[in-house]
Amino acid sequence: MKAQPEASHFVDGRYLEDAAGAEIEVIFPATGEVIARLHEATPAVIEAALASAARAQAEWGRMRPVERSRILRRAADMIRDRNEALSLLETLDTGKPLQETTVADWPSGADALEFFAGLAPSVTGETIPLGQDFVYTLREPLGVCVGIGAWNYPSQIACWKAAPALALGNAMVFKPSEVTPLGALKLAEILIEAGLPAGLFNVVQGRGAVGGALVTDPRVAKVSLTGSVPTGRKVYAAAAEGVRHVTMELGGKSPLVIFDDADLESAVGAAMLGNFYSAGQVCSNGTRVFVQRGLKDRFLKRLAERSEAIRMGDPLDPETQMGPLVSQAQLDKVLGYIGKAKAEGARLVCGGEASVSPGCYVQPTVFADVTDGMTLACEEVFGPVMAVLDFDTEEEVIARANGTDFGLAAGVFTADLARGHRVVAQLQAGTCWINAYNLTPVESPFGGSKMSGVGRENGKAAIEHYTQVKSVYVGMGPVDAPY
Ligand code: NDP
């Protein structure tokens, strides 16, 4: 199986190669097969990308929003028309099953393009009366934005960043994770075909150092990163040197709180979705599942039955429900956390082994009797490993749910809606669900609090993060100077 793109980078409207860059091997994690060989961006490629973005943005920012929108809406339609081929590529790049990529990855990217295309023409300033004088405000693009992506939802992340940036008049230079570099190139191709002027969306490949070079370039006005907290800290600090705008979408250790009165099947289903979808490689996963003691035994029994029935295997088989992890490194990390959980006294309910060799597979795994101090309850695993913790009272669970530096997401399951609202009001998280989990429609702002990030993607909230306000004071009479 080969998925070799025309070249490694997409700059100024076309594919660009520079074989002087260090090699990147792209691996299909279900088999370990090398499906493409790319090169990291050299300084010359980075320079070409930034220069073309700066040049193209000047004109794009002045274009009528409705004209920009038309191009992005066309791109959304093209993605939907080509969903099958794009999803296949996403599966090869990430190892996620076709059953997921065909409904969750590119389709969500198309939604973002459509949503921001629709929103952009209605983004306006305000008029502020001041007696005879007045102020009006303009919402201006920021300029050149840098997007840096994680490997878990590579094409969705590229679209979620490109769509608001472009719709609101900015240009973007995007660096995918070196683990999953293929999808963003397709987005660049599609945008050009949809009519986007050259230079407005460039893709450069590379590891952290390439991201670092982009973030510190004086032409860059904003940096949007999706990644881990340690990387977020570094990128945030580097961006701060140039007082740049930032959006940081970082990791989590999110609580999912299940009260005794919750609908059992829905709660079990949500806990599974929130731990096993994409083989657990989802930032907002509810990886600390707090179950009220009265429901615990029934919950664990049903959870084990349903988890053991998950069909794991070849991600290209449409019947497969769970594929491999993205890489051998991730598999080693996840198995390390499973070993630690056992050593620290958590009780293994199901799973716990690497499986379906070759390939980077690990079974859907559930640990019960997890306590707050265990490593499994504190650190982001980014694999299909669920920690179930017991609790007795509402007050207790809120305090324990908040007892983490992360604050990305949280969920509550209860038949008592008043309690649901009361609890989420006290949970420290940027995105919460009541009787649902991990649904992230583009209409809804998404992002973290505490160490899980700053800024929001999606929804109207994203307007704040891809525009800046200019205030214009208009004097209507003579200037009244005291000297
Ligand atoms: P990393 O933090 O390792 O990497 C994120 C991106 O940053 C990659 O493209 C990486 O490049 C790049 N990078 C690394 N170092 C630097 C640097 N010094 N300067 C600039 N760029 C740099 O995350 P992963 O790719 O491992 O993704 C998993 C993490 O992402 C998890 O913590 C997860 O929770 C988080 N995430 C958050 C989401 C959210 O919306 N909140 C959504 C999805 C994931 P390279 O990989 O090539 O080294």
# chains A, B, ... in the order shown; residues from 1 in each chain; ligands from 1
>>> residues_near_ligand(ligand="ligand 1", cutoff="8 Å", atoms="only C-alpha atoms and all ligand atoms", output="PyMOL selection string")
chain A and resi 148-153+157+175-179+205-215+225-232+234-235+238+248-252+281-284+380+382+408+446-448+452-453
>>> select_by_dssp(residues="segment 178-322 of chain A", states="helix (DSSP H, G or I)", output="PyMOL selection string")
chain A and resi 182-193+208-215+229-241+264-280+293-308
>>> write_last_selection(atoms="C-alpha atoms", output="compact mmCIF listing (two decimals), in the first residue's frame")
# COMPACT_ATOMS: atom_id res chain seq x y z
CA LEU A 182 -0.53 13.37 4.53
CA GLY A 183 -4.03 14.80 5.09
CA ALA A 184 -3.05 18.48 5.30
CA LEU A 185 -1.47 18.25 1.82
CA LYS A 186 -4.82 17.09 0.44
CA LEU A 187 -6.54 20.04 2.11
CA ALA A 188 -4.08 22.41 0.44
CA GLU A 189 -4.75 20.77 -2.94
CA ILE A 190 -8.52 20.99 -2.51
CA LEU A 191 -8.46 24.63 -1.41
CA ILE A 192 -6.48 25.58 -4.54
CA GLU A 193 -8.91 23.63 -6.72
CA GLY A 208 9.42 20.31 16.45
CA ALA A 209 12.29 22.43 15.14
CA VAL A 210 10.32 23.38 12.01
CA GLY A 211 7.40 24.40 14.23
CA GLY A 212 9.83 26.38 16.35
CA ALA A 213 11.18 28.27 13.32
CA LEU A 214 7.64 29.19 12.23
CA VAL A 215 6.52 30.36 15.66
CA VAL A 229 0.93 20.40 27.59
CA PRO A 230 4.76 20.28 27.53
CA THR A 231 4.83 21.32 23.85
CA GLY A 232 2.15 23.92 24.55
CA ARG A 233 4.30 25.51 27.22
CA LYS A 234 7.28 25.77 24.86
CA VAL A 235 5.27 27.12 21.93
CA TYR A 236 3.33 29.57 24.12
CA ALA A 237 6.60 30.92 25.55
CA ALA A 238 8.17 31.23 22.09
CA ALA A 239 5.09 33.03 20.77
CA ALA A 240 5.14 35.38 23.75
CA GLU A 241 8.59 36.66 22.74
CA LEU A 264 -26.89 2.44 32.52
CA GLU A 265 -26.58 1.65 28.81
CA SER A 266 -26.06 5.32 27.89
CA ALA A 267 -23.50 5.81 30.64
CA VAL A 268 -21.57 2.68 29.63
CA GLY A 269 -21.77 3.66 25.96
CA ALA A 270 -20.48 7.17 26.72
CA ALA A 271 -17.62 5.86 28.85
CA MET A 272 -16.62 3.55 26.00
CA LEU A 273 -16.88 6.30 23.38
CA GLY A 274 -14.92 8.58 25.68
CA ASN A 275 -12.08 6.07 26.11
CA PHE A 276 -11.99 3.74 23.13
CA TYR A 277 -12.88 5.88 20.10
CA SER A 278 -9.76 6.40 17.97
CA ALA A 279 -8.15 3.76 20.22
CA GLY A 280 -8.34 6.27 23.05
CA ARG A 293 -21.01 3.27 44.45
CA GLY A 294 -24.62 2.06 44.08
CA LEU A 295 -24.15 1.59 40.31
CA LYS A 296 -20.58 0.32 40.36
CA ASP A 297 -21.07 -3.46 40.03
CA ARG A 298 -23.74 -3.27 37.33
CA PHE A 299 -21.69 -0.63 35.49
CA LEU A 300 -18.48 -2.69 35.49
CA LYS A 301 -20.28 -5.89 34.44
CA ARG A 302 -21.92 -4.25 31.43
CA LEU A 303 -18.77 -2.31 30.59
CA ALA A 304 -16.69 -5.49 30.51
CA GLU A 305 -19.26 -7.32 28.36
CA ARG A 306 -19.46 -4.52 25.82
CA SER A 307 -15.71 -3.80 25.83
CA GLU A 308 -14.78 -7.43 25.23
>>> atom_distance(atom1="atom CA of His465 of chain A", atom2="atom CA of Gly169 of chain A")
12.3 Å
>>> select_by_dssp(residues="segment 65-133 of chain A", states="strand (DSSP E)", output="PyMOL selection string")
chain A and resi 127-130+133
>>> write_last_selection(atoms="C-alpha atoms", output="compact mmCIF listing (two decimals), in the first residue's frame")
# COMPACT_ATOMS: atom_id res chain seq x y z
CA THR A 127 -20.75 51.97 16.27
CA ILE A 128 -20.36 53.73 19.61
CA PRO A 129 -22.12 57.12 19.86
CA LEU A 130 -20.30 59.82 21.82
CA ASP A 133 -18.48 62.38 17.83
>>> closest_residue(among="A:Pro107, A:Arg139, A:Ala76, A:Ala20", to="Thr467 of chain A", atoms="only C-alpha atoms")
A:Arg139
>>> residues_around(residues="Ala163 of chain A", least_positions_apart="4", cutoff="7 Å", atoms="only C-alpha atoms", output="list in words")
Ala112, Leu113, Phe116, Cys159 and Ala167 of chain A
>>> residues_around(residues="Val423 of chain A", least_positions_apart="6", cutoff="10 Å", atoms="only C-alpha atoms", output="PyMOL selection string")
chain A and resi 257+394-395+397-398+411-412+417+434
>>> residues_around(residues="Arg219 of chain A", least_positions_apart="2", cutoff="7 Å", atoms="only C-alpha atoms", output="MDAnalysis selection string")
chainID A and resid 144 217 221
>>> closest_residue(among="A:Glu59, A:Asp105, A:Asp12, A:Glu23", to="Ile46 of chain A", atoms="only C-alpha atoms")
A:Asp12
>>> residues_around(residues="Asn458 of chain A", least_positions_apart="2", cutoff="6 Å", atoms="only C-alpha atoms", output="number ranges by chain")
A: 442, 445, 462
>>> atom_distance(atom1="atom CA of Arg80 of chain A", atom2="atom CA of Thr440 of chain A")
18.5 Å
>>> closest_residue(among="A:Glu33, A:Glu140, A:Asp332, A:Glu344", to="Ala58 of chain A", atoms="only C-alpha atoms")
A:Glu140
>>> closest_residue(among="A:Gly143, A:Pro384, A:Pro315, A:Gly131", to="Leu200 of chain A", atoms="only C-alpha atoms")
A:Gly143
>>> closest_residue(among="A:Pro141, A:Pro154, A:Gly455, A:Gly352", to="Ser87 of chain A", atoms="only C-alpha atoms")
A:Pro154
>>> residues_around(residues="Lys161 of chain A", least_positions_apart="3", cutoff="9 Å", atoms="only C-alpha atoms", output="list in words")
Ala112, Gly147, Ile148, Gln156, Ile157, Ala158, Pro164, Ala165, Leu166, Met172, Phe174, Ser224, Glu457 and Asn458 of chain A
>>> closest_residue(among="A:Ala19, A:Leu98, A:Val146, A:Met451", to="Gly313 of chain A", atoms="only C-alpha atoms")
A:Leu98
>>> atom_distance(atom1="atom CA of Ser8 of chain A", atom2="atom CA of Ala36 of chain A")
9.6 Å
